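Presented below is the structure to which this report refers.
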Amino acid sequence: MPLEPLPPTEDGESLARRDFLKVSAALAATLPAGLGASTPASRQTPLVDGDRLNAILDVFRRYGGGDDDGTTRLAYSDEDIAARAYAASVMESAGLRVSVDLAGNLIGRRPGADPAALPIIIGSHLDSVPDGGSYDGQVGCAAAFEVALTLHHHEVELRHPLEVVVFQNEEGGKTGSRALVGRVEPHEFDIVTASGFTIRDGINRLGGDAARLDEARREPGSMAGFLELHIEQGAVLEAAGTQIGVVEGIVGIRRWNITVLGAQNHAGTTPMPQRRDALVAAADLIRAVNEVATTMEGRQVATVGRIEAVPGAPNVVPGEVRATLEVRDLEMDKIGQIFSEIVAHAREIESAREVSIEFDPFYESLAAPTAPAFRDMLERAAADLGYSTLRMPSGAGHDAQSMAELGPVGMIFVPSRDGISHSPREYTAPDDITRGANVLLRAVLALNAAG
Ligand SMILES: [Zn+2]
């Protein structure tokens with residue numbers, strides 16, 4: 001399927017073409033003598049070219065990058081389309097056959113020696129949140145491209161086909177990866193995304209075909225595995241002084257609406273002992289939620305993120321409070337257990353404060369554990385390279401979560417400075433990015449050798 005053409009620059013040369021030449025020149029400059037295209041594959045496991053990898057990441061910044069080091073590259077925007085055109089040119093320089101699937105995902109394919117072998121899939125996303133960072137998603141894409149470039153220039157033949165995927169609209173709801181597992185609902189087509197385009201128009205703008213989205217669906221068992229490198233977006237690795245995070249899975253999420261009912265009354269004439277203050281009861285509950293999640297063993301998190309007192313006047317004892325509860329953990333059973341404890345506390349608060357507390361579930365996202373064999377594989381890959389590792393859950397959603405429905409997935413995290421993400425202050429050091437890409441490359445080779 002054709003890609004959207006890029007607007008020509010003053011000298012008539014497209015941005016993608018110029019960037020392609022820049023990366024090609026960087027490539028030629030960084031290849032050690034004797035490792036040119038005609039040299040037979042090295043018997044040693046190759047390493048990625050960190051300069052080339054970080055140069056690719058720098059070029060992404062031209063598409064929506066701001067003066068504050070941040071990036072606004074909303075899914076389906078002109079910047080998104082331009083960045084994907086550049087990405088396609090990099091993929092081509094890695095010898096990949098580039099296409100856009102019916103869901104608008106950008107895909108580069110490399111054949112394997114064994115026509116019966118299932119594809120190994122690597123990739124991430126290029127779209128950002130408004131006023132976002134220049135690393136979220138983009139690091140994973142640049143690293144996947146760099147893995148393909150390294151395999152290409154070292155003439156490494158894989159038994160498995162390799163697919164490098166740039167998923168579309170990750171930030172707006174993982175539309176591209178969910179389409180691959182048939183999880184995009186018809187009503188979503190009319191959702192207006194941050195760029196102003198509906199999902200339907202967006203898919204079509206990227207070269208997909210929203211009317212035929214069903215055909216983009218892939219079958220469970222149709223891949224050998226999916227591997228995604230991503231910035232941590234938290235501060236666990238940095239705090240531990242660890243180089244590589246081996247992700248145990250993407251946490252499940254459950255959310256409830258909470259209603260606390262007390263008695264609305266005059267704030268001047270109602271003596272303290274006679275009050276049935278819904279907001280005071282809610283305050284007890286918020287403390288209880290925090291204590292349950294903090295004292296229980298494990299890495300679960302629980303949050304009351306929204307609260308509203310009714311009627312919400314300075315001179316009225318609140319008769320009703322509406323709030324939300326969110327609990328996340330790698331195991332759905334654990335989320336249930338945490339919720340039960342919170343409810344037990346709520347029952348005590350009800351009798352102590354003479355109120356009623358109700359929980360009404362309104363959202364659930366199932367946990368997506370990574371494949372245990374892939375965790376071991378990533379740990380071994382990192383150990384071979386001399387990098388320190390830490391096993392950890394991912395508190396944020398990722399495309400790997402969708403891909404887990406198709407087969408085994410693995411995820412690699414690299415440190416985020418100060419744990420900041422979805423902000424122009426998001427930053428990951430070039431050496432950390434290079435280390436992550438080397439682990440990704442080793443894992444691809446290990447998966448390829450595994451069968
Ligand atoms: Zn991301």
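Ligands are numbered from 1 in the order shown, residues from 1 within each chain, and chains are lettered A, B, ... in the order they appear in the structure tokens.
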
If you run DSSP on this backbone, which residues of range 234-443 of chain A come out as helix (DSSP H, G or I), and could you give them as a PyMOL selection string? chain A and resi 236-240+272-274+278-295+332-353+372-384+399-403+417-419+430-443

Go ahead and save the picked residues with C-alpha atoms, as an mmCIF file, in the first residue's frame.
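Written output follows (result-v1.cif):
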data_model
loop_
_atom_site.group_PDB
_atom_site.id
_atom_site.type_symbol
_atom_site.label_atom_id
_atom_site.label_comp_id
_atom_site.auth_asym_id
_atom_site.auth_seq_id
_atom_site.Cartn_x
_atom_site.Cartn_y
_atom_site.Cartn_z
ATOM 1 C CA VAL A 236 12.485 1.968 39.811
ATOM 2 C CA LEU A 237 15.510 1.188 37.606
ATOM 3 C CA GLU A 238 17.155 4.534 38.312
ATOM 4 C CA ALA A 239 16.644 4.177 42.072
ATOM 5 C CA ALA A 240 18.095 0.655 41.995
ATOM 6 C CA MET A 272 -20.286 17.506 65.808
ATOM 7 C CA PRO A 273 -21.549 14.323 67.548
ATOM 8 C CA GLN A 274 -24.788 14.447 65.516
ATOM 9 C CA ALA A 278 -20.026 11.726 54.054
ATOM 10 C CA LEU A 279 -16.766 13.541 53.336
ATOM 11 C CA VAL A 280 -15.215 12.628 56.695
ATOM 12 C CA ALA A 281 -16.174 8.992 56.042
ATOM 13 C CA ALA A 282 -14.648 9.267 52.562
ATOM 14 C CA ALA A 283 -11.452 10.612 54.125
ATOM 15 C CA ASP A 284 -11.306 7.519 56.384
ATOM 16 C CA LEU A 285 -11.816 5.355 53.305
ATOM 17 C CA ILE A 286 -9.060 7.077 51.315
ATOM 18 C CA ARG A 287 -6.643 6.458 54.175
ATOM 19 C CA ALA A 288 -7.741 2.815 54.343
ATOM 20 C CA VAL A 289 -7.184 2.325 50.590
ATOM 21 C CA ASN A 290 -3.682 3.703 50.926
ATOM 22 C CA GLU A 291 -2.900 1.562 53.971
ATOM 23 C CA VAL A 292 -4.173 -1.686 52.445
ATOM 24 C CA ALA A 293 -2.064 -1.202 49.307
ATOM 25 C CA THR A 294 0.982 -0.093 51.300
ATOM 26 C CA THR A 295 0.996 -2.782 53.982
ATOM 27 C CA MET A 332 -6.260 -10.241 38.795
ATOM 28 C CA ASP A 333 -6.815 -12.447 41.891
ATOM 29 C CA LYS A 334 -4.638 -10.126 43.928
ATOM 30 C CA ILE A 335 -6.709 -7.152 42.770
ATOM 31 C CA GLY A 336 -9.805 -8.997 44.015
ATOM 32 C CA GLN A 337 -8.126 -9.696 47.348
ATOM 33 C CA ILE A 338 -7.147 -6.027 47.782
ATOM 34 C CA PHE A 339 -10.659 -4.939 46.913
ATOM 35 C CA SER A 340 -12.118 -7.333 49.532
ATOM 36 C CA GLU A 341 -9.894 -5.825 52.204
ATOM 37 C CA ILE A 342 -10.901 -2.314 51.199
ATOM 38 C CA VAL A 343 -14.568 -3.319 51.396
ATOM 39 C CA ALA A 344 -13.995 -4.768 54.895
ATOM 40 C CA HIS A 345 -12.606 -1.388 55.981
ATOM 41 C CA ALA A 346 -15.562 0.340 54.323
ATOM 42 C CA ARG A 347 -17.978 -1.758 56.432
ATOM 43 C CA GLU A 348 -16.211 -0.605 59.622
ATOM 44 C CA ILE A 349 -16.330 3.022 58.475
ATOM 45 C CA GLU A 350 -20.039 2.643 57.710
ATOM 46 C CA SER A 351 -20.867 1.698 61.282
ATOM 47 C CA ALA A 352 -18.431 4.145 62.883
ATOM 48 C CA ARG A 353 -19.655 7.126 60.831
ATOM 49 C CA PRO A 372 8.320 -16.812 31.673
ATOM 50 C CA ALA A 373 10.712 -18.300 29.089
ATOM 51 C CA PHE A 374 11.126 -14.841 27.532
ATOM 52 C CA ARG A 375 11.971 -13.309 30.923
ATOM 53 C CA ASP A 376 14.731 -15.898 31.329
ATOM 54 C CA MET A 377 15.890 -15.268 27.759
ATOM 55 C CA LEU A 378 16.089 -11.498 28.297
ATOM 56 C CA GLU A 379 17.933 -11.957 31.578
ATOM 57 C CA ARG A 380 20.458 -14.257 29.912
ATOM 58 C CA ALA A 381 20.898 -11.822 27.016
ATOM 59 C CA ALA A 382 21.584 -8.974 29.446
ATOM 60 C CA ALA A 383 23.914 -11.106 31.578
ATOM 61 C CA ASP A 384 25.924 -12.101 28.480
ATOM 62 C CA ASP A 399 1.160 -2.634 22.647
ATOM 63 C CA ALA A 400 2.755 -5.825 24.035
ATOM 64 C CA GLN A 401 -0.445 -6.221 26.066
ATOM 65 C CA SER A 402 -2.450 -6.723 22.850
ATOM 66 C CA MET A 403 0.253 -8.841 21.248
ATOM 67 C CA ARG A 417 15.537 9.932 34.381
ATOM 68 C CA ASP A 418 13.660 10.940 37.551
ATOM 69 C CA GLY A 419 10.915 8.543 36.454
ATOM 70 C CA PRO A 430 21.882 7.281 24.908
ATOM 71 C CA ASP A 431 23.991 4.534 26.508
ATOM 72 C CA ASP A 432 20.940 3.125 28.252
ATOM 73 C CA ILE A 433 19.074 3.094 24.940
ATOM 74 C CA THR A 434 21.992 1.319 23.264
ATOM 75 C CA ARG A 435 22.101 -1.293 26.034
ATOM 76 C CA GLY A 436 18.382 -1.923 25.649
ATOM 77 C CA ALA A 437 18.773 -2.361 21.886
ATOM 78 C CA ASN A 438 21.627 -4.819 22.382
ATOM 79 C CA VAL A 439 19.448 -6.903 24.675
ATOM 80 C CA LEU A 440 16.683 -6.749 22.060
ATOM 81 C CA LEU A 441 19.085 -7.927 19.340
ATOM 82 C CA ARG A 442 20.401 -10.788 21.486
ATOM 83 C CA ALA A 443 16.879 -11.830 22.372
#

Contacts of ligand 1, 10 Å or closer, only C-alpha atoms and all ligand atoms, given as a ChimeraX atom specification: /A:124-129,135-140,170-171,174,229-233,396-399,421-422

What's around Ala216 in chain A at 9 Å? Count only C-alpha atoms, leave out sequence neighbours fewer than 2 positions away in its own chain, and write the answer as a ChimeraX atom specification. /A:101-103,179-182,212-214,218

CA of Gly451 in chain A sits from CA of Gly112 in chain A at a separation of 12.4 Å

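Near Val260 in chain A, within a cut-off of 7 Å and counting only C-alpha atoms, sit the residues A:Ala278, A:Ala282, A:Glu320, A:Val321, A:Arg322, A:Val355, A:Ser356, A:Ile357, A:Glu358, with same-chain residues fewer than 4 positions away left out.
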
With C-alpha atoms retained, export the selected residues as a compact mmCIF listing (two decimals), in the first residue's frame.
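The resulting file, result-v7.txt, is shown below:
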# COMPACT_ATOMS: atom_id res chain seq x y z
CA ALA A 278 -20.03 11.73 54.05
CA ALA A 282 -14.65 9.27 52.56
CA GLU A 320 -22.91 12.54 49.61
CA VAL A 321 -19.45 11.89 48.22
CA ARG A 322 -18.69 10.44 44.81
CA VAL A 355 -22.99 6.27 56.50
CA SER A 356 -23.39 3.82 53.64
CA ILE A 357 -20.61 3.10 51.16
CA GLU A 358 -21.21 1.50 47.77

Provide the CA of Gly312 in chain A to CA of Thr324 in chain A distance in Å, to one decimal place.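 The value is 17.0 Å.
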
As a check of understanding: the span from CA of Ala371 in chain A to CA of Ser177 in chain A is 18.1 Å

Pick out the closest residue to Glu92 in chain A from this set: A:Arg255, A:His152, A:Arg52, A:Arg73. Count only C-alpha atoms.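 Of the candidates, the smallest distance to Glu92 in chain A is held by A:His152.
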
Using only C-alpha atoms, pick whichever of A:Ile107, A:Ile120, A:Ala309, A:Val156 has the shortest atom-to-atom distance to Ala88 in chain A.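 Looking only at the distances to Ala88 in chain A, the closest residue turns out to be A:Ile107.
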
So which residues touch Glu228 in chain A within 6 Å, counting only C-alpha atoms, skipping near sequence neighbours fewer than 4 positions away, as a list in words?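 Residues meeting the cut-off are Ile122, Gly123 and Met411 of chain A.
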
Residues from last step as file, N, CA and C atoms, as a compact mmCIF listing (two decimals), in the first residue's frame:
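Dumped everything to again_34.txt:
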# COMPACT_ATOMS: atom_id res chain seq x y z
N ILE A 122 9.02 -7.40 16.36
CA ILE A 122 9.56 -6.40 17.28
C ILE A 122 8.99 -5.04 16.89
N GLY A 123 8.92 -4.11 17.84
CA GLY A 123 8.45 -2.78 17.49
C GLY A 123 7.81 -2.07 18.66
N MET A 411 9.19 -8.01 27.29
CA MET A 411 9.40 -6.56 27.28
C MET A 411 10.66 -6.20 28.03

What's the 12 Å shell around Ala210 in chain A, counting only C-alpha atoms, without same-chain residues fewer than 4 positions away, as a list of chain:residue names? A:Asp101, A:Leu102, A:Ala103, A:Gly104, A:Asn105, A:Thr175, A:Gly176, A:Ala179, A:Val184, A:Glu185, A:Pro186, A:Glu188, A:Phe189, A:Asp190, A:Thr198, A:Ile199, A:Arg200, A:Asp201, A:Gly202, A:Ile203, A:Asn204, A:Arg205, A:Leu206, A:Asp214, A:Glu215, A:Ala216

Per-residue DSSP, range 27-183 of chain A, filtered to strand (DSSP E or B), as a ChimeraX atom specification: /A:65,71,97-100,106-110,120-125,132,162-167

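The smallest atom-to-atom distance between Gly262 in chain A and any of A:Glu364, A:Asp78, A:Glu331, A:Glu354, using only C-alpha atoms, is found for A:Glu354.
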
Give me the residues near Gly319 in chain A as a VMD selection string, where near means some atom within 7 Å (using only C-alpha atoms) and where sequence neighbours in that chain fewer than 6 positions away do not count. chain A and resid 261 to 264 277 to 278 310

Given only C-alpha atoms as the counted atoms, nearest of A:Gly241, A:Pro115, A:Pro271, A:Gly173 to Pro415 in chain A: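 Comparing A:Gly241, A:Pro115, A:Pro271, A:Gly173 against Pro415 in chain A, the winner is A:Gly241.
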